[in-house]
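K.L.:
This one is structure22.cif, mmCIF, C-alpha atoms.
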```
data_run
loop_
_atom_site.label_atom_id
_atom_site.label_comp_id
_atom_site.auth_asym_id
_atom_site.auth_seq_id
_atom_site.Cartn_x
_atom_site.Cartn_y
_atom_site.Cartn_z
CA MET A 1 82.21 110.52 88.92
CA LEU A 2 80.53 107.70 87.11
CA VAL A 3 82.63 105.38 84.98
CA GLU A 4 80.87 105.74 81.65
CA SER A 5 83.00 103.35 79.63
CA VAL A 6 86.21 101.32 79.76
CA THR A 7 87.81 100.90 76.35
CA PRO A 8 90.72 98.54 75.69
CA GLU A 9 93.56 100.21 73.79
CA LEU A 10 96.14 97.44 74.20
CA PRO A 11 95.97 94.17 76.17
CA ASP A 12 97.38 95.99 79.22
CA THR A 13 96.05 99.51 78.61
CA LYS A 14 92.53 100.89 78.81
CA THR A 15 90.86 104.27 78.44
CA LEU A 16 88.54 105.17 81.27
CA LYS A 17 85.79 107.66 80.49
CA LEU A 18 84.47 109.46 83.56
CA LYS A 19 81.16 111.27 83.23
CA TRP A 20 80.89 114.69 84.84
CA PRO A 21 77.98 114.99 87.27
CA ASP A 22 75.01 117.08 86.16
CA GLY A 23 75.80 120.77 86.42
CA HIS A 24 79.56 120.18 86.55
CA ASN A 25 81.35 122.35 83.98
CA PRO A 26 84.97 122.75 85.08
CA GLU A 27 87.52 125.08 83.54
CA PHE A 28 90.79 123.28 82.87
CA GLN A 29 93.56 123.16 80.30
CA THR A 30 94.59 120.57 77.77
CA GLY A 31 97.62 118.67 79.06
CA GLN A 32 96.64 118.67 82.74
CA PHE A 33 96.26 115.59 84.91
CA ILE A 34 93.55 114.41 87.28
CA THR A 35 93.95 112.42 90.48
CA LEU A 36 91.74 109.39 91.05
CA TYR A 37 90.78 107.26 94.00
CA TRP A 38 88.22 104.62 94.79
CA PRO A 39 85.57 105.27 97.44
CA ASP A 40 86.82 102.31 99.52
CA ALA A 41 90.48 103.51 99.52
CA PRO A 42 90.53 107.29 99.94
CA GLU A 43 94.18 107.34 101.01
CA TYR A 44 95.35 105.62 97.87
CA LYS A 45 95.43 108.17 95.06
CA ARG A 46 96.99 108.12 91.61
CA ALA A 47 97.42 110.95 89.11
CA TYR A 48 96.96 110.38 85.38
CA SER A 49 97.37 112.75 82.45
CA LEU A 50 94.13 113.52 80.70
CA SER A 51 94.02 111.94 77.25
CA SER A 52 90.94 114.01 76.47
CA CYS A 53 91.31 117.73 75.84
CA ALA A 54 89.72 120.85 77.27
CA LEU A 55 87.28 121.02 74.35
CA ASP A 56 85.92 117.57 75.25
CA ARG A 57 83.07 118.53 77.54
CA GLY A 58 80.95 116.35 79.81
CA PHE A 59 83.65 113.80 80.57
CA TYR A 60 87.29 113.16 81.34
CA GLU A 61 89.31 110.44 79.67
CA VAL A 62 92.46 108.91 81.10
CA THR A 63 94.38 106.09 79.45
CA ILE A 64 95.89 103.76 81.99
CA LYS A 65 98.41 100.95 81.84
CA ARG A 66 98.21 97.95 84.17
CA GLU A 67 100.90 99.10 86.57
CA GLY A 68 100.83 99.22 90.35
CA LYS A 69 97.76 98.62 92.48
CA MET A 70 95.65 101.33 90.88
CA GLY A 71 96.54 100.50 87.28
CA THR A 72 95.84 96.83 87.91
CA ARG A 73 92.52 97.51 89.59
CA ILE A 74 91.39 99.81 86.80
CA VAL A 75 92.56 97.70 83.87
CA ASP A 76 91.37 94.40 85.34
CA TRP A 77 88.29 95.42 87.29
CA ALA A 78 86.89 98.84 86.35
CA LYS A 79 83.43 98.61 84.82
CA PRO A 80 80.83 101.09 83.57
CA GLY A 81 78.51 102.14 86.35
CA GLN A 82 81.19 102.21 89.06
CA THR A 83 82.05 105.43 90.85
CA MET A 84 85.48 106.97 91.29
CA PHE A 85 86.46 110.14 93.09
CA VAL A 86 88.30 112.67 90.94
CA LEU A 87 90.38 115.60 92.13
CA PRO A 88 90.31 118.61 89.77
CA PRO A 89 92.74 118.90 86.86
CA ALA A 90 96.15 120.36 87.69
CA GLY A 91 99.60 120.60 86.16
CA LYS A 92 101.65 122.77 83.84
CA PHE A 93 102.41 120.37 81.00
CA LEU A 94 100.49 122.60 78.63
CA PRO A 95 100.70 122.96 74.85
CA ALA A 96 102.26 126.20 73.58
CA PHE A 97 99.62 127.04 71.02
CA GLU A 98 100.75 130.63 70.55
CA PRO A 99 100.83 131.62 66.84
CA GLY A 100 103.97 130.50 65.05
CA LYS A 101 105.01 127.92 67.63
CA GLN A 102 105.92 124.39 66.61
CA LEU A 103 105.51 121.56 69.12
CA ILE A 104 107.78 118.52 69.00
CA CYS A 105 106.46 115.89 71.39
CA ILE A 106 108.66 112.97 72.38
CA ALA A 107 106.78 110.08 73.98
CA GLY A 108 107.54 106.66 75.37
CA GLY A 109 104.92 104.00 76.14
CA SER A 110 101.79 105.40 77.77
CA GLY A 111 103.54 108.78 77.91
CA VAL A 112 101.83 109.46 74.61
CA THR A 113 98.46 110.05 76.30
CA PRO A 114 98.74 113.82 76.93
CA PHE A 115 99.85 114.29 73.32
CA ARG A 116 96.57 112.75 72.16
CA ALA A 117 94.95 115.60 74.10
CA PHE A 118 97.26 118.20 72.48
CA VAL A 119 96.48 116.98 68.96
CA ARG A 120 92.74 116.62 69.56
CA ASP A 121 92.67 120.19 70.83
CA ALA A 122 94.68 121.64 67.92
CA THR A 123 92.69 119.67 65.36
CA LYS A 124 89.29 120.62 66.76
CA ARG A 125 90.32 124.28 66.80
CA GLU A 126 91.98 124.02 63.37
CA LEU A 127 95.11 125.63 64.74
CA GLU A 128 98.04 126.25 62.43
CA ASN A 129 100.67 125.15 64.94
CA LYS A 130 102.85 122.38 63.59
CA ILE A 131 102.78 119.40 65.95
CA THR A 132 105.06 116.40 65.58
CA VAL A 133 104.76 113.37 67.83
CA LEU A 134 107.86 111.14 67.97
CA TYR A 135 106.72 107.98 69.69
CA SER A 136 109.10 105.32 71.00
CA VAL A 137 107.63 101.87 71.62
CA ARG A 138 109.10 98.41 71.99
CA THR A 139 107.12 96.77 69.19
CA THR A 140 104.23 97.56 66.88
CA ASN A 141 101.92 95.88 69.41
CA ASP A 142 102.64 98.65 71.92
CA ILE A 143 101.39 101.66 69.95
CA ILE A 144 98.56 103.35 71.86
CA PHE A 145 96.04 105.34 69.78
CA ASN A 146 97.72 104.24 66.55
CA ALA A 147 94.56 104.45 64.43
CA GLU A 148 93.38 107.67 66.06
CA PHE A 149 96.73 109.41 65.56
CA HIS A 150 96.72 108.40 61.90
CA ASP A 151 93.15 109.68 61.55
CA LEU A 152 94.15 112.96 63.18
CA ALA A 153 97.16 113.23 60.84
CA ALA A 154 94.83 112.75 57.86
CA GLU A 155 92.50 115.43 59.19
CA ASN A 156 95.12 117.93 60.38
CA PRO A 157 97.74 118.87 57.77
CA ASN A 158 99.94 120.41 60.49
CA PHE A 159 100.24 117.20 62.50
CA ASN A 160 102.76 114.44 61.91
CA PHE A 161 102.90 111.15 63.79
CA TYR A 162 106.07 109.09 63.67
CA VAL A 163 106.78 105.85 65.53
CA THR A 164 110.09 104.17 66.22
CA CYS A 165 110.27 100.59 67.48
CA THR A 166 113.15 99.69 69.76
CA ARG A 167 112.74 95.93 70.19
CA LEU A 168 111.30 94.55 67.01
CA HIS A 169 112.39 91.16 65.74
CA PRO A 170 114.77 91.73 62.80
CA GLU A 171 112.42 89.81 60.51
CA ASP A 172 109.35 91.82 61.48
CA LYS A 173 107.64 93.38 58.46
CA TRP A 174 107.46 96.87 60.03
CA THR A 175 108.69 99.36 57.44
CA GLY A 176 108.87 102.32 59.78
CA ARG A 177 111.76 103.54 61.85
CA ARG A 178 113.65 101.27 64.25
CA GLY A 179 115.92 102.11 67.15
CA ARG A 180 115.96 104.75 69.81
CA ILE A 181 115.08 108.38 69.36
CA ASP A 182 118.25 110.30 68.54
CA ALA A 183 119.35 113.86 67.91
CA ALA A 184 119.40 113.49 64.13
CA TRP A 185 115.78 112.32 64.05
CA VAL A 186 114.63 115.12 66.32
CA LYS A 187 116.60 117.66 64.29
CA GLU A 188 114.87 116.54 61.08
CA GLN A 189 111.54 117.68 62.52
CA ILE A 190 112.64 121.24 63.38
CA HIS A 191 111.53 124.01 61.05
CA ASP A 192 112.24 127.09 63.15
CA LEU A 193 114.28 126.28 66.24
CA PRO A 194 113.70 129.53 68.20
CA ASN A 195 109.95 128.99 67.85
CA THR A 196 109.95 125.30 68.69
CA VAL A 197 108.84 123.95 72.06
CA PHE A 198 109.91 120.42 72.96
CA TYR A 199 107.91 118.10 75.18
CA ALA A 200 108.88 114.72 76.60
CA CYS A 201 106.64 112.37 78.54
CA GLY A 202 107.24 108.79 79.61
CA PRO A 203 109.48 106.68 81.79
CA ASN A 204 112.38 108.52 83.41
CA PRO A 205 115.10 107.00 81.21
CA LEU A 206 113.32 108.13 78.04
CA VAL A 207 112.66 111.63 79.37
CA GLU A 208 116.23 112.01 80.59
CA PHE A 209 117.47 110.77 77.22
CA ALA A 210 115.20 113.27 75.47
CA GLU A 211 116.58 116.04 77.67
CA GLN A 212 120.10 114.98 76.75
CA VAL A 213 119.26 115.04 73.04
CA VAL A 214 117.37 118.34 73.05
CA LEU A 215 119.24 120.37 75.65
CA HIS A 216 122.74 119.01 75.25
CA ASP A 217 123.07 117.62 71.72
CA LEU A 218 120.92 120.26 70.03
CA GLY A 219 121.79 123.05 72.48
CA VAL A 220 118.19 124.15 72.99
CA PRO A 221 117.60 126.47 75.99
CA LYS A 222 115.80 124.87 78.95
CA THR A 223 112.96 127.35 78.60
CA GLN A 224 111.97 125.63 75.34
CA MET A 225 111.46 122.19 76.88
CA LYS A 226 108.76 120.77 79.14
CA THR A 227 108.96 117.30 80.61
CA GLU A 228 106.71 114.95 82.52
CA LYS A 229 108.51 112.11 84.26
CA TRP A 230 106.89 109.12 85.92
CA GLY A 231 109.48 108.66 88.63
CA MET B 1 119.10 120.04 96.82
CA SER B 2 118.56 116.46 98.00
CA ASN B 3 120.04 115.21 101.25
CA VAL B 4 122.76 112.56 100.75
CA PRO B 5 123.98 111.36 104.15
CA SER B 6 127.68 110.69 104.19
CA ASP B 7 127.52 107.48 106.25
CA LEU B 8 125.60 105.46 103.66
CA LYS B 9 126.30 103.61 100.42
CA TYR B 10 124.04 104.01 97.41
CA ALA B 11 122.84 102.04 94.39
CA LYS B 12 122.48 103.65 90.98
CA SER B 13 118.78 102.77 91.22
CA HIS B 14 118.47 105.17 94.21
CA GLU B 15 118.42 102.73 97.15
CA TRP B 16 120.62 103.43 100.16
CA VAL B 17 122.37 100.90 102.40
CA ARG B 18 123.37 101.28 106.03
CA VAL B 19 125.59 98.48 107.33
CA ALA B 20 125.83 97.31 110.92
CA GLY B 21 127.85 94.12 111.33
CA ASP B 22 126.59 91.63 108.77
CA VAL B 23 123.16 93.23 108.40
CA ALA B 24 122.31 95.99 105.95
CA THR B 25 119.28 98.26 106.20
CA VAL B 26 117.87 99.35 102.83
CA GLY B 27 115.67 102.29 101.90
CA ILE B 28 115.26 104.79 99.07
CA SER B 29 117.04 108.10 98.85
CA ASP B 30 115.70 111.57 99.48
CA HIS B 31 116.15 112.27 95.77
CA ALA B 32 114.08 109.18 94.90
CA GLN B 33 111.21 110.03 97.21
CA HIS B 34 111.22 113.58 95.91
CA GLU B 35 111.10 112.40 92.28
CA LEU B 36 108.35 109.91 93.06
CA THR B 37 106.29 112.61 94.83
CA ASP B 38 103.61 111.49 97.32
CA ILE B 39 104.06 107.80 98.10
CA VAL B 40 100.76 105.96 98.51
CA PHE B 41 101.70 102.28 98.71
CA VAL B 42 104.67 100.21 99.81
CA GLU B 43 104.91 96.46 99.24
CA LEU B 44 107.67 94.71 101.17
CA PRO B 45 109.34 91.32 100.67
CA SER B 46 108.70 88.34 102.93
CA VAL B 47 111.04 87.81 105.84
CA GLY B 48 113.28 84.85 105.05
CA ARG B 49 113.33 85.51 101.30
CA LYS B 50 116.77 85.14 99.75
CA VAL B 51 117.58 87.81 97.19
CA LYS B 52 120.46 88.56 94.88
CA ALA B 53 121.99 91.97 94.34
CA GLY B 54 119.97 93.82 91.73
CA GLU B 55 116.86 91.69 92.26
CA ALA B 56 113.50 93.48 92.49
CA CYS B 57 112.08 92.66 95.90
CA ALA B 58 109.76 95.51 96.91
CA VAL B 59 107.41 97.96 95.22
CA VAL B 60 106.82 101.61 95.92
CA GLU B 61 103.90 103.40 94.36
CA SER B 62 103.38 107.15 94.32
CA VAL B 63 100.61 109.26 92.89
CA LYS B 64 102.69 109.37 89.70
CA THR B 65 104.06 105.89 89.22
CA ALA B 66 104.83 102.42 90.52
CA SER B 67 108.49 101.43 90.82
CA ASP B 68 110.35 98.31 91.77
CA ILE B 69 112.85 98.54 94.59
CA TYR B 70 115.99 96.51 93.98
CA SER B 71 118.09 94.95 96.67
CA PRO B 72 121.54 96.54 96.38
CA VAL B 73 123.14 93.48 97.98
CA SER B 74 122.64 89.70 98.19
CA GLY B 75 121.41 87.96 101.29
CA GLU B 76 118.37 86.97 103.32
CA ILE B 77 115.61 89.37 104.36
CA THR B 78 115.57 89.40 108.17
CA GLU B 79 113.13 92.21 108.93
CA VAL B 80 110.73 94.51 107.08
CA ASN B 81 109.41 97.91 108.08
CA LYS B 82 105.70 97.43 108.65
CA ALA B 83 105.40 101.08 109.66
CA ALA B 84 106.27 102.12 106.09
CA ALA B 85 103.66 99.74 104.66
CA ASP B 86 101.05 101.06 107.10
CA ASP B 87 101.96 104.70 106.48
CA PRO B 88 103.63 105.03 103.05
CA ALA B 89 104.03 108.80 103.50
CA LEU B 90 106.65 107.96 106.13
CA VAL B 91 109.00 107.24 103.22
CA ASN B 92 108.52 110.84 102.04
CA ARG B 93 108.92 112.29 105.51
CA GLU B 94 111.88 110.24 106.74
CA PRO B 95 113.56 108.47 103.82
CA PHE B 96 116.74 107.75 105.76
CA ALA B 97 115.19 107.01 109.16
CA GLY B 98 111.67 105.75 109.84
CA GLY B 99 111.00 105.16 106.14
CA TRP B 100 113.44 102.29 105.65
CA PHE B 101 112.19 99.23 103.71
CA PHE B 102 113.96 96.06 104.86
CA LYS B 103 116.99 94.59 106.56
CA ILE B 104 119.08 91.95 104.89
CA LYS B 105 121.76 89.60 106.23
CA LEU B 106 124.65 89.94 103.82
CA SER B 107 125.76 86.80 102.01
CA ALA B 108 128.40 88.56 99.90
CA PRO B 109 129.72 91.56 101.86
CA ALA B 110 132.24 92.35 99.14
CA GLU B 111 129.33 93.59 97.03
CA LEU B 112 129.27 96.69 99.21
CA ASN B 113 132.46 97.79 97.49
CA SER B 114 130.69 98.13 94.19
CA LEU B 115 128.04 100.50 95.55
CA LEU B 116 128.33 104.25 95.09
CA THR B 117 129.94 106.53 97.63
CA PRO B 118 127.86 109.53 98.76
CA GLU B 119 129.98 111.75 96.53
CA ALA B 120 129.45 109.52 93.49
CA TYR B 121 125.71 109.31 94.15
CA GLN B 122 125.51 113.07 94.58
CA ALA B 123 127.21 113.43 91.21
CA GLN B 124 124.76 110.97 89.64
CA ILE B 125 121.74 112.95 90.76
CA GLY B 126 123.22 116.15 89.52
CA GLY B 127 125.08 117.57 92.44
#
```
Would you kindly transcribe this structure into structure tokens?

P.N.:
Amino acid sequence: MLVESVTPELPDTKTLKLKWPDGHNPEFQTGQFITLYWPDAPEYKRAYSLSSCALDRGFYEVTIKREGKMGTRIVDWAKPGQTMFVLPPAGKFLPAFEPGKQLICIAGGSGVTPFRAFVRDATKRELENKITVLYSVRTTNDIIFNAEFHDLAAENPNFNFYVTCTRLHPEDKWTGRRGRIDAAWVKEQIHDLPNTVFYACGPNPLVEFAEQVVLHDLGVPKTQMKTEKWG
Amino acid sequence: MSNVPSDLKYAKSHEWVRVAGDVATVGISDHAQHELTDIVFVELPSVGRKVKAGEACAVVESVKTASDIYSPVSGEITEVNKAAADDPALVNREPFAGGWFFKIKLSAPAELNSLLTPEAYQAQIGG
């Protein structure tokens, strides 16, 4: 697929827009990932969650941090007009948009990217599902899609976007939440526990911590939680 | 359930250590390779490099993520496994055999005592 654009999100994170070839019209689901490789290195593949949703047609978007060989090559060197090979979307990290379900999405770092897809999808379809994104970042400089999430929250009355900063300087002017995600904060977001589905995506320690909070501290059954770890 | 050989020591960060005399061979556990999924790139340290216990000295990258590999012990790198760099999937196929990462001449053998036993590591990864 052709690289249509490369958009900086943060100094070390960019969104890659990949144009579908003419006549390509794949069926896939919001929340899935695609696997990428360069034509000159077919053995070296990396999977990235789609940050675009299934209603975004004609292109895929993935939002990539400079990490590892692939992340470095994409963030530092990818340019419009280049070609990348793309394996079809796969994965089961899918939003539970059944009527009456609430989604509480816990993200760390670039783990927020599939939740951008969730919220874009729900907002475009004007779904009534409540969606809350709880986003843990080190500092205010690390918030990916900050403006877009706030725009989506303004547009979609069922969506709430909350950020917590874990490593801010004490004198920083940030007026939002500080510190790690904890059970009390998650609990505040729950309206109807039996109809709430929890998601966690990000580095292993954050996802494992989220599992501890949701499954152990809040006693939620495993069937109500979906996680995506990075290893 | 992941394989945890009983003749090895383990680091909390999922490396294993096999000791023969004053040389330790280091790799990543079956649990680690399983969590990483398909490994696509292995970067090894230079032979002769001196490392401290807990120091990042190699990189393993899978289709999902890139992770540092930490030396569980201090010493000097004496040999690296070029076969794993040439064929990263070897780490998935044989994490405790052909997929080893590097050998290190121990400078502080007592550090081995602070590594996890197989039982303790098994408990860490959830039995």

K.L.:
Find the residues near region 103-118 of chain B: any atom within 9 Å, counting only C-alpha atoms, skip ones fewer than 4 places away on the same chain, and give them as a ChimeraX atom specification.

P.N.:
/B:4-12,17,22-26,50-51,53,71-81,122-123

K.L.:
Counting all atoms listed in the file, which of A:Leu134, A:Ala54, A:Ile144, A:Ile34 gets nearest to chain B?

P.N.:
A:Ile34

K.L.:
Need to verify the contact set: Ile181 (chain A), 12 Å, all atoms listed in the file, exclusion of same-chain residues closer than 3 positions in sequence. Can you return it as a VMD selection string?

P.N.:
chain A and resid 105 to 108 133 to 138 162 to 166 177 to 178 184 to 188 200 205 to 214

K.L.:
Give me, as an NGL selection string, the contact residues of chain A against chain B at a cut-off of 9 Å, counting all atoms listed in the file.

P.N.:
:A and (35 or 43-48 or 67-69 or 229-231)

K.L.:
For the structure shown, which residues end up in the PyMOL selection byres ((chain A and resi 75-86) around 10)? Put them as a ChimeraX atom specification, please?

P.N.:
/A:1-8,11-20,34-40,42,45-47,60,63-67,70-74,87-89

K.L.:
With all atoms listed in the file counted and 10 Å as the cut-off, give the residues of region 158-185 of chain A in contact with region 113-126 of chain A, each with its shortest interatomic distance in Å and the pair that gives it, as JSON lines.

P.N.:
```
{"residue": "A:Asn158", "atom": "CA", "partner": "A:Thr123", "partner_atom": "CA", "distance": 8.8}
{"residue": "A:Phe159", "atom": "CA", "partner": "A:Val119", "partner_atom": "CA", "distance": 7.5}
{"residue": "A:Asn160", "atom": "CA", "partner": "A:Val119", "partner_atom": "CA", "distance": 9.8}
```

K.L.:
Considering only C-alpha atoms, return as an NGL selection string whatever protein or nucleic-acid residues lie within 12 Å of Lys130 (chain A), sequence-local ones (same chain, fewer than 4 positions apart) excluded.

P.N.:
:A and (95-105 or 118-119 or 122-123 or 126 or 153 or 156-161 or 189-192 or 195-198)

K.L.:
Find the residue from A:Gly179, A:Gly111, A:Pro170, A:Pro194 that sits nearest to Glu228 (chain A); use only C-alpha atoms when measuring.

P.N.:
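Among A:Gly179, A:Gly111, A:Pro170, A:Pro194, it is A:Gly111 that comes nearest to Glu228 (chain A).
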